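Engineer: Let me begin by handing over the structure; questions about it come next.
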4 protein chains.
Amino acid sequence: MADQINVGIVGTQFMGRAHSNAYRRVADFFDLPARPVLRAACDVDAAGLKEFSKRFGWQEQETSWQKVVARDDIDLIDICTPNVLHMPIAVAAAKAGKHVLCEKPIAMNADEARQMLEAARDNDVRHMVGFNYRRVPAIALAKHLIDQGKIGRVFHFNAVYYQDWLVDPDFPYVWRHDIKKGGSGAHGDMNAHIVDLARLLVGEIEAVCGEQEIFIKERRLPDSSGKGTVTADDAMVFLARFCDGALGSFIATRFATGRKNFLRLELFGSEGSLVFNLERLNELEFYCRADEGPEQGYRNILVTESTHPFVKAWWPPGHIIGWEHTFVHEIRDLLVAIAEENEVKPDFYDGLRNQQVLDAVCESSQQHRWVTIPPS
Amino acid sequence: MADQINVGIVGTQFMGRAHSNAYRRVADFFDLPARPVLRAACDVDAAGLKEFSKRFGWQEQETSWQKVVARDDIDLIDICTPNVLHMPIAVAAAKAGKHVLCEKPIAMNADEARQMLEAARDNDVRHMVGFNYRRVPAIALAKHLIDQGKIGRVFHFNAVYYQDWLVDPDFPYVWRHDIKKGGSGAHGDMNAHIVDLARLLVGEIEAVCGEQEIFIKERRLPDSSGKGTVTADDAMVFLARFCDGALGSFIATRFATGRKNFLRLELFGSEGSLVFNLERLNELEFYCRADEGPEQGYRNILVTESTHPFVKAWWPPGHIIGWEHTFVHEIRDLLVAIAEENEVKPDFYDGLRNQQVLDAVCESSQQHRWVTIPPS
Amino acid sequence: MADQINVGIVGTQFMGRAHSNAYRRVADFFDLPARPVLRAACDVDAAGLKEFSKRFGWQEQETSWQKVVARDDIDLIDICTPNVLHMPIAVAAAKAGKHVLCEKPIAMNADEARQMLEAARDNDVRHMVGFNYRRVPAIALAKHLIDQGKIGRVFHFNAVYYQDWLVDPDFPYVWRHDIKKGGSGAHGDMNAHIVDLARLLVGEIEAVCGEQEIFIKERRLPDSSGKGTVTADDAMVFLARFCDGALGSFIATRFATGRKNFLRLELFGSEGSLVFNLERLNELEFYCRADEGPEQGYRNILVTESTHPFVKAWWPPGHIIGWEHTFVHEIRDLLVAIAEENEVKPDFYDGLRNQQVLDAVCESSQQHRWVTIPPS
Amino acid sequence: MADQINVGIVGTQFMGRAHSNAYRRVADFFDLPARPVLRAACDVDAAGLKEFSKRFGWQEQETSWQKVVARDDIDLIDICTPNVLHMPIAVAAAKAGKHVLCEKPIAMNADEARQMLEAARDNDVRHMVGFNYRRVPAIALAKHLIDQGKIGRVFHFNAVYYQDWLVDPDFPYVWRHDIKKGGSGAHGDMNAHIVDLARLLVGEIEAVCGEQEIFIKERRLPDSSGKGTVTADDAMVFLARFCDGALGSFIATRFATGRKNFLRLELFGSEGSLVFNLERLNELEFYCRADEGPEQGYRNILVTESTHPFVKAWWPPGHIIGWEHTFVHEIRDLLVAIAEENEVKPDFYDGLRNQQVLDAVCESSQQHRWVTIPPS
C-alpha cells in the first residue's frame with residue numbers, strides 16, 4: 001500500500017478552502033496509513049487559482065477539470081464546483097479509476113446521482129459525498145447513543161436550517177438565484193444536510209410534502225445593468241413520514257433574520273431525546289427517561305472529552321473545536337478507507353437517496369401534494 | 001353601571017381551577033370598574049364540585065349547566081367543560097343574555113363555532129375565547145413590537161407545542177383518546193393555541209397541509225378490563241401559507257419526550273425577529289436589524305419591567321410571574337370590557353377563524369392534500 | 001386546635017403586598033389544618049393603609065404597631081417594616097405570646113437578633129424569618145439532592161445576587177441610602193438571602209473577608225432641595241471559608257447593569273454540581289458524576305413535576321410558577337407549624353446566625369481583614 | 001526585511017502542539033509580511049521530540065534549549081516549557097538577540113519577570129506573553145466596545161475559571177502538584193488568564209485579598225510507590241480593587257465538577273454590560289442601556305461576522321471557530337510585529353504586571369490580609 005494519496009481538487013471557492021485546510025491539517029492530528037499530497041488544483045479562474053494554490057500549497061495548477069481527471073499522478077478527485085458539474089466530473093473521474101469526494105448536494109437530480117453511483121461501483125473506486133455534519137463529534141455521539149437504544153423508537157425528527165444572508169434586499173442577483181445554474185436554492189444547499197442527518201439518525205423517508213417560497217422576486221444585477229428574476233427558492237419547508245413511522249418536519253431558509261448558520265435537530269424518542277444546534281456544535285442535549293424521575297432533565301453534554309468521537313485527536317476537555325474540523329474528520333476517514341480499501345459513508349448511494357428525497361420535495365412543492373420516495 | 005359581575009362557572013377541573021384562581025386574584029392587583037363575584041359553580045360530579053367550591057369560594061353549587069344558565073343572578077358564564085359542551089352551553093348562555101367566556105378550542109368544529117358567534121352577536125353579549133397566551137406579557141410585547149414595525153414583513157412563523165405525557169405506554173385510555181368525545185387530540189388542545197398566536201402576530205392563514213399520527217394505537221382501560229383503541233391524534237404537524245405570503249410551520253405533539261409545556265415561536269421578519277418559549281415565559285428574544293452591525297444579536301428581554309404589558313400590576317423588575325397569571329390578565333380585560341361595554345379579543349370570531357384552520361388541517365391530514373381556509 | 005389563625009401584619013409596602021397575597025392564596029391550593037384570617041393591617045401611612053387593606057381584604061386597620069401587638073384577637077404578627085423596627089416589634093409580639101414572622105434581614109445587628117431569638121424562646125412562640133428562597137421548589141430540590149449525597153462533599157459555593165436599579169444616577173436619595181435608617185444596603189438586603197442559602201445547602205461559615213463600595217456617593221434629594229450623602233453600600237463582595245472546608249464567594253450589588261433580580265448559585269461537589277438562577281426559578285441544573293462518562297452533562301431539570309417539592313399543589317408539568325409562590329409555600333409551612341405546634345425553619349436562630357455572618361462581613365470590610373464568625 | 005521568520009520552539013507538550021498548529025496554519029488564512037519557518041524543536045524527551053517534529057514538520061531537533069538559543073538560524077524563540085524554565089530561556093534568548101514568545105504565566109515570580117522584561121528591552125527584541133484569550137474574537141470585540149465607551153465606567157469585573165480534572169481522587173500526583181516545580185497550581189495556570197483579561201478590559205489592579213485551598217492533600221504516586229503531598233493550590237479565590245474604583249472577584253479552581261474549561265467574565269458598567277464564556281467562545285453577550293427601555297436585554301452576539309476582529313480571515317457568518325484559533329491570531333500578530341518592527345501586546349511588561357498581581361494574591365492568601373500591588 002502506498003503511503004501517499006495524491007489529490008486533485010476542482011473548485012477553489014468556499015468548499016475548496018475548507019477541503020484544502022482539512023488536507024493540510026489531518027496528518028498533524030490523526031495517525032494515517034497514507035498522507036494526502038496536494039498535487040493539483042483546478043479552476044477556470046486562473047488568477048484566483050494561482051492565489052489559492054500558493055496559499056494552500058497545491059503543487060500544480062490546471063484550468064481544465066478534464067486534464068486533472070486524466071492525470072496519472074492523481075488518486076483522488078475532490079469536487080468542490082457548482083452543482084451542475086458534479087456529475088460529469090465524478091463520472092469521468094470514476095471511469096479514470098480515481099476515488100471521488102463530491103460536495104453536496106450530490107447532483108442536479110437523482111438521475112445524475114444514479115449515474116455517479118454506477119460509475120463509482122463499476123470502476124470500483126471509493127466514493128463519498130461531503131455531508132460533513134455527520135462528523136461533528138456531537139452528531140457522531142448522537143448516532144452512537146441512538147444505536148445503543150438510548151432514545152428508543154423515534155417519534156419525531158424536527159430539523160431546521162436557518163441562515164439570513166438573503167434578507168438584505170440589496171444583495172445582488174448571482175448565479176445561485178438562477179435555478180438553471182444552481183439547481184434549487186436553500187433546498188439543495190441546506191435541506192440536503194438535514195435530510196442526510198435524518199437518514200443517518202432515523203432512517204429512510206417514505207413520503208414528503210413541501211412548499212417553497214421566493215420572498216424577493218427580483219434582485220439588482222451586480223453590474224447595475226438591471227434586475228434579474230430569482231428562480232431558485234429562498235426557503236423550502238416540508239413534512240415527511242419516515243418508513244418506520246416517525247414524523248418529520250424540515251425547514252430550510254435564507255430568510256431567518258439573525259440566524260447565521262443555525263441548524264437545529266430535535267429527536268424525540270420513546271426512551272429519550274436529543275437536541276443539537278450547529279452554532280453550538282460542541283454541545284449535545286440529551287434527555288434520558290431512565291434517569292430518576294425528579295432528576296430528569298435535558299443534559300447539556302460538552303462533547304469535548306477524549307471518550308467522544310474524534311475528540312481525542314484534538315485538545316483537552318472544554319477546549320472547543322470549530323466548524324472546519326468536521327472536514328478534517330471527513331478527509332481522515334476517506335483517506336483511511338482509500339488506504340485500507342474499505343467502504344466509507346456517506347457514499348454516492350447516500351447521495352442518491354438524499355437526492356431522491358430532495359427531488360420528491362421539489363415535485364411536491366410544484367404539485368401541492370404528497371410525493372412518495374421511489375425505492376432506491 | 002354595576003360594580004359587581006356575577007360569575008357562573010361550568011367545569012371544575014384544570015381550567016376551572018385556573019379560572020377560579022384568576023377571579024380571586026384579579027382585584028388584588030388590578031383596579032377594576034367591577035369586581036367579580038363567584039356566584040355559582042357547576043359540575044356533574046357533585047362531590048368534586050363541593051370540594052372545589054369550598055376551596056375557591058364559589059357561593060353556590062349546581063349540577064346542571066342549564067340551571068346555571070337560567071339563573072337571574074348570573075352575568076357571566078365561564079365554560080371550562082369538555083369541548084363537546086362548549087357550543088350548547090355558550091349558545092344557551094348567550095340566548096339567556098349572559099356574557100360568555102369559553103375555553104379553547106371554541107368548539108368541535110366550525111359550524112358549532114359559527115352558531116356560537118351568531119348567538120353572541122344576536123344577543124349582544126360579550127364573548128371571549130380562552131386563548132390565554134395572548135396575555136403572556138412577552139407575547140403582548142411581541143405584538144406591540146410587531147405593530148410598531150420592529151420586525152417588518154414576516155417571512156416565517158414557525159411554532160411548536162411540545163408535551164410528553166403520553167410517551168408512557170402505561171398511561172391509560174381516557175376520554176381524551178376518543179375522538180368522538182374529545183374531538184381531536186394534541187391538535188385541538190395545542191395547535192389551537194399556536195394558531196391563535198399566528199393569527200394575532202402574523203394574520204390570517206390561507207391554506208394548510210397537515211399530517212397526524214397516533215403512535216400508540218391501544219391503551220389499557222383504567223379499570224383493567226381490556227384495551228381501548230385510540231382515535232384522537234397524538235401529534236399533528238402542518239404547513240401553512242399566510243394570506244400575506246408568510247410561510248408557517250406548526251407542530252403539536254404529546255410525544256416530545258422531556259418537553260413538558262414547551263411552546264416555542266420563531267418569527268423571522270425583514271427588519272427583525274422574535275423568539276418565545278412558554279417554559280421561560282418571562283423572556284422574549286428580539287433581534288433588531290437596526291442595531292449597529294457588529295453589535296447585532298438576539299436580545300433576551302426579561303419582560304418584567306413596569307413598562308411591559310400587564311407587569312406594572314405585579315412585582316418589581318426580575319421578579320417573575322407564572323403561567324397562571326395569564327388568566328388573571330384575561331379575566332381582567334374581560335371584566336373591564338363587560339363593565340365598559342366594549343369589545344374584547346380574542347372573541348368568538350377569533351374562535352371561529354381558529355376552528356376553521358383546525359378543521360382544514362384535519363381535512364388535509366385525512367385527504368393528504370392542501371386545504372384552503374374558507375372566507376370567514 | 002383552632003381552625004383559624006388570626007394575622008396582624010405590620011408594613012404595607014412591597015413585602016406587605018407579597019405576604020398578603022400569600023395569605024389569600026394559600027388555602028386555595030394547600031390543605032391546611034388552620035386557615036389564616038387577615039385580621040388587621042398596620043402602617044403609619046393611614047391613606048396607604050386604607051387602600052392596602054381594601055385591596056387585600058384586611059379586616060381592620062391600625063396605625064400603631066403597639067396596638068396590633070396588644071390585640072387579643074391576633075395569633076401571628078407578620079413584620080414587613082423597615083429593618084430598624086424588626087427587633088422591637090418582634091420582641092413585643094413574642095412577649096405578648098404571638099407567633100412571629102419577620103422579614104429579612106432579621107435585625108440591624110446580631111445583638112438585636114439574639115434578643116429576638118430569646119424573646120421567642122422564652123415565650124414559646126413560633127418564629128420564622130422570611131428567607132423565602134428556601135421554598136423555591138428548585139432550591140428545595142437542591143437541598144434534597146444534597147441530603148441524599150448526590151453532590152457529595154462541597155468544594156465551592158459561589159453565589160451572586162445582581163440587581164441594577166441604582167445604576168441610574170438620577171435615582172433619588174431615599175432612606176435606604178442612609179445606613180442609620182436602613183442598616184446596610186445591598187449587603188443586608190441581598191447578601192442576607194445568599195448567606196441563608198449557603199447555610200441551608202452547605203453549612204455554617206467560619207470566617208469571612210469582605211469589601212464594599214459606594215459607586216455614587218451623592219444623590220439628589222427627592223424634593224430637589226439638594227443632595228444626600230449615600231452611606232449604605234451599593235455593593236458588597238466577600239470571600240468565605242465554611243466550617244467543613246468549602247470555599248465561598250459572595251457578591252451582592254445593585255450596580256449589575258442589565259440584571260434585575262439575578263441570584264445565581266453554583267455548588268461544586270465531589271459527586272456532582274448544582275446551578276440555580278432566580279430569574280429562571282423553575283429550573284435547576286444538576287451535574288451527576290455517576291452518569292456514564294460520555295453522557296455526563298449539566299441536566300436542566302424543569303422543577304414542575306408533581307414529585308418536586310411544593311409543586312403538586314399547583315399546575316401540571318411545565319406550567320411554571322412565579323416568584324410570589326415562594327411566599328405561599330413559606331406561609332403554608334408556618335401555618336402548619338403553628339397549628340401543629342412544631343418547629344419551622346428558618347427561624348430566629350437562623351436569623352441570628354445569618355446576622356452574625358453579615359455583621360462579620362461589615363466588620364471585615366471596615367478593617368480590611370478576615371473576621372471569624374463567633375460561636376452561636 | 002526578510003520574508004521568513006525562523007522559529008525555534010522549546011517544549012513539545014500541550015502548548016507546543018497548540019503553537020505548532022498555529023505556525024502551520026497562519027499563512028493559509030492571513031496575509032503575512034513574513035512566513036514562519038519551523039526550524040527547530042527542542043525537548044529533553046528525545047523520543048517524544050522526534051514524533052512531535054515529524055508530526056508538525058519541525059525541520060530539526062535539539063535536546064538542549066541552550067543550543068537552540070545559540071543557533072544563528074533562529075529568529076524567534078517560542079517557550080512552551082514548564083514555568084520554572086521561562087526566565088532562563090527567555091533571558092538567554094533575548095541576550096542572543098532572538099525575539100521571544102513565552103507561555104503564561106510569564107515566570108515563577110515578579111523578580112524573574114522583571115529580568116525577562118529588562119533583557120528583552122536591553123536587547124531590543126520583540127517580546128510577547130501567551131495570553132491567547134485576548135485574541136478570541138469575542139474578547140477583542142469586548143475590548144473594542146469598551147474603548148468606544150459602550151459600557152461606560154466599569155463597576156464590577158467578576159471572573160471565574162472553572163475546570164474539574166482534579167476532582168477525581170485517583171488522579172495521580174504529578175509535578176504540577178509540587179509548588180517547587182510548577183509554582184502555584186490553579187492560580188498561576190488559570191488566574192493568570194483572567195487577571196490578564198481584567199487588565200486588558202478594565203485596567204490596573206490596586207490591591208487584592210485571596211484565599212487558597214488544597215482539597216485533596218495527598219495523591220498516589222504514578223508508580224504506585226506511595227503518596228505525594230500536594231503543595232500547589234487546587235483553587236484560589238480573590239477579591240480585587242481596581243485603580244479606577246471597580247470591584248473585582250476572581251475564582252480559579254480545578255474542582256468545579258462538570259466544568260471543563262469554563263472561563264466566564266461579567267463586566268457591569270454605567271452604560272452597559274458584557275458577559276463572556278470560553279466554552280461558547282464564539283458568543284458575546286452585550287447589554288446596552290442606550291436601547292429603548294422596553295427593548296433592553298442582553299444581546300447574544302454571534303461573533304462570526306466579517307466585521308468582527310480576526311473573523312474575516314476564516315469562514316462565513318455562523319461557521320464557528322475553535323479554541324486553537326486564538327493561537328493563530330496571536331502568532332499572526334507577533335509575526336507582523338517582528339516583520340514590521342512594531343510593538344506587540346501583551347508583552348513582558350504585561351507579563352510582569354500580571355505576575356505582580358499573582359504574587360500579591362499568594363502573599364495575601366498566606367498572610368490572610370489585603371496586599372497592595374507595587375508600582376510597576
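If you're wondering about the labels, chains in the C-alpha cells are A, B, ... by order shown, residues count from 1 in each chain, ligands from 1 in order shown.
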Counting only C-alpha atoms, what is within 6 Å of segment 334-350 of chain A, bar same-chain residues fewer than 6 positions away, as number ranges by chain?
Structural biologist: A: 117, 127-129
Engineer: Considering only C-alpha atoms, return as a list in words whatever protein or nucleic-acid residues lie within 9 Å of Asp170 of chain B, sequence-local ones (same chain, fewer than 4 positions apart) excluded.
Structural biologist: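 Everything that qualifies: Leu166, Arg219 and Arg220 of chain B.
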Engineer: Determine, counting only C-alpha atoms, which protein, DNA and RNA residues have an atom within 7 Å of an atom of Val69 of chain A; residues of the same chain fewer than 2 positions away are not included. Present the result as a list in words.
Structural biologist: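 That gives Trp65, Gln66, Lys67, Arg71, Ala92, Ala93 and Ala96 of chain A.
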Engineer: At a cut-off of 7 Å, list the chain A residues touching chain B, using only C-alpha atoms, as a PyMOL selection string.
Structural biologist: chain A and resi 155+167+255-258+268-270+272-273+287+297+368-370
Engineer: Do a neighbour search on Gln115 of chain A at 12 Å with only C-alpha atoms, toss out local chain neighbours closer than 5 positions, and write the hits as an mmCIF file with N, CA and C atoms, in the first residue's frame.
Structural biologist:
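Final output, part.cif:
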```cif
data_model
loop_
_atom_site.group_PDB
_atom_site.id
_atom_site.type_symbol
_atom_site.label_atom_id
_atom_site.label_comp_id
_atom_site.auth_asym_id
_atom_site.auth_seq_id
_atom_site.Cartn_x
_atom_site.Cartn_y
_atom_site.Cartn_z
ATOM 1 N N HIS A 86 -21.015 18.494 -10.865
ATOM 2 C CA HIS A 86 -20.708 17.324 -10.024
ATOM 3 C C HIS A 86 -20.729 16.026 -10.831
ATOM 4 N N MET A 87 -21.818 15.814 -11.534
ATOM 5 C CA MET A 87 -21.978 14.552 -12.249
ATOM 6 C C MET A 87 -20.903 14.333 -13.306
ATOM 7 N N PRO A 88 -20.719 15.242 -14.251
ATOM 8 C CA PRO A 88 -19.715 14.961 -15.285
ATOM 9 C C PRO A 88 -18.319 14.722 -14.720
ATOM 10 N N ILE A 89 -17.927 15.484 -13.750
ATOM 11 C CA ILE A 89 -16.584 15.284 -13.189
ATOM 12 C C ILE A 89 -16.496 13.941 -12.464
ATOM 13 N N ALA A 90 -17.500 13.667 -11.658
ATOM 14 C CA ALA A 90 -17.454 12.432 -10.869
ATOM 15 C C ALA A 90 -17.445 11.204 -11.761
ATOM 16 N N VAL A 91 -18.272 11.227 -12.775
ATOM 17 C CA VAL A 91 -18.337 10.068 -13.669
ATOM 18 C C VAL A 91 -17.014 9.891 -14.411
ATOM 19 N N ALA A 92 -16.494 11.004 -14.908
ATOM 20 C CA ALA A 92 -15.211 10.932 -15.612
ATOM 21 C C ALA A 92 -14.097 10.449 -14.687
ATOM 22 N N ALA A 94 -14.356 8.602 -11.965
ATOM 23 C CA ALA A 94 -14.527 7.186 -11.652
ATOM 24 C C ALA A 94 -14.075 6.318 -12.822
ATOM 25 N N LYS A 95 -14.460 6.748 -14.009
ATOM 26 C CA LYS A 95 -14.062 5.979 -15.182
ATOM 27 C C LYS A 95 -12.552 5.969 -15.351
ATOM 28 N N ILE A 106 -25.360 15.992 -4.044
ATOM 29 C CA ILE A 106 -24.538 15.176 -4.927
ATOM 30 C C ILE A 106 -24.664 15.590 -6.390
ATOM 31 N N ALA A 107 -25.882 16.023 -6.793
ATOM 32 C CA ALA A 107 -26.087 16.265 -8.220
ATOM 33 C C ALA A 107 -27.263 17.206 -8.423
ATOM 34 N N MET A 108 -27.616 17.411 -9.675
ATOM 35 C CA MET A 108 -28.756 18.262 -10.001
ATOM 36 C C MET A 108 -30.071 17.505 -9.825
ATOM 37 N N ASN A 109 -30.001 16.188 -9.887
ATOM 38 C CA ASN A 109 -31.206 15.386 -9.729
ATOM 39 C C ASN A 109 -30.797 13.926 -9.519
ATOM 40 N N ALA A 110 -31.769 13.102 -9.245
ATOM 41 C CA ALA A 110 -31.483 11.716 -8.890
ATOM 42 C C ALA A 110 -30.914 10.919 -10.063
ATOM 43 N N ALA A 120 -19.076 4.826 -10.095
ATOM 44 C CA ALA A 120 -18.165 4.536 -8.989
ATOM 45 C C ALA A 120 -18.116 3.040 -8.715
ATOM 46 N N ARG A 121 -19.292 2.419 -8.722
ATOM 47 C CA ARG A 121 -19.339 0.988 -8.450
ATOM 48 C C ARG A 121 -18.682 0.191 -9.581
ATOM 49 N N ASP A 122 -18.996 0.603 -10.786
ATOM 50 C CA ASP A 122 -18.456 -0.136 -11.936
ATOM 51 C C ASP A 122 -16.939 -0.089 -11.968
ATOM 52 N N PHE A 348 -21.973 7.562 -2.460
ATOM 53 C CA PHE A 348 -22.875 8.017 -3.519
ATOM 54 C C PHE A 348 -24.268 7.395 -3.397
ATOM 55 N N TYR A 349 -24.327 6.233 -2.755
ATOM 56 C CA TYR A 349 -25.659 5.681 -2.502
ATOM 57 C C TYR A 349 -26.436 6.624 -1.583
ATOM 58 N N GLY A 351 -25.840 9.717 -1.317
ATOM 59 C CA GLY A 351 -26.088 10.894 -2.136
ATOM 60 C C GLY A 351 -27.314 10.716 -3.011
ATOM 61 N N LEU A 352 -27.436 9.531 -3.582
ATOM 62 C CA LEU A 352 -28.604 9.243 -4.429
ATOM 63 C C LEU A 352 -29.892 9.274 -3.615
#
```
Engineer: If you run DSSP on the backbone here, which positions in segment 196-331 of chain B get strand (DSSP E or B)? Please write them as a compact mmCIF listing (two decimals) with C-alpha atoms, in the first residue's frame.
Structural biologist:
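Now in selection10.txt:
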```txt
# COMPACT_ATOMS: atom_id res chain seq x y z
CA ILE B 205 -53.95 31.76 7.15
CA GLU B 206 -54.80 30.97 3.56
CA ALA B 207 -54.15 27.26 3.25
CA VAL B 208 -52.77 24.35 5.23
CA CYS B 209 -51.39 20.88 4.75
CA GLY B 210 -51.22 18.58 7.74
CA GLU B 211 -50.31 15.09 8.85
CA GLN B 212 -51.31 13.36 12.04
CA GLU B 213 -50.08 10.31 13.90
CA GLU B 218 -54.18 0.94 22.02
CA ARG B 219 -54.06 1.71 25.71
CA ARG B 220 -55.23 -0.23 28.73
CA LYS B 227 -57.82 -2.10 25.96
CA GLY B 228 -59.25 0.93 24.25
CA THR B 229 -58.46 1.98 20.70
CA ALA B 235 -49.41 14.52 17.17
CA MET B 236 -50.41 16.81 14.33
CA VAL B 237 -47.91 18.71 12.18
CA PHE B 238 -48.82 21.08 9.39
CA LEU B 239 -47.50 23.62 6.95
CA ALA B 240 -49.35 26.85 6.29
CA ARG B 241 -49.36 29.70 3.88
CA PHE B 242 -50.49 33.02 5.30
CA LEU B 247 -44.77 30.55 5.41
CA GLY B 248 -45.89 28.75 8.53
CA SER B 249 -44.84 25.54 10.23
CA PHE B 250 -46.80 24.10 13.15
CA ILE B 251 -46.08 21.07 15.29
CA ALA B 252 -48.23 19.86 18.19
CA THR B 253 -47.36 16.66 19.96
CA PHE B 262 -42.79 23.83 25.61
CA LEU B 263 -44.43 26.26 23.20
CA ARG B 264 -41.84 27.94 21.02
CA LEU B 265 -42.50 30.65 18.49
CA GLU B 266 -39.97 31.86 15.94
CA LEU B 267 -40.90 34.84 13.76
CA PHE B 268 -38.41 35.99 11.16
CA GLY B 269 -39.06 39.33 9.51
CA GLY B 272 -36.01 41.75 12.89
CA SER B 273 -37.02 38.54 14.58
CA LEU B 274 -38.73 37.29 17.71
CA VAL B 275 -38.39 34.03 19.64
CA PHE B 276 -40.54 32.95 22.57
CA ASN B 277 -40.75 29.85 24.75
CA GLU B 283 -38.45 36.24 28.43
CA LEU B 284 -38.68 37.41 24.85
CA GLU B 285 -35.84 37.22 22.36
CA PHE B 286 -35.69 40.07 19.88
CA TYR B 287 -33.25 40.55 17.03
CA CYS B 288 -33.14 44.03 15.58
CA TYR B 298 -30.71 38.24 19.82
CA ARG B 299 -31.62 40.28 22.88
CA ASN B 300 -33.04 38.35 25.76
CA ILE B 301 -35.61 40.79 27.13
CA LEU B 302 -36.67 39.96 30.66
```
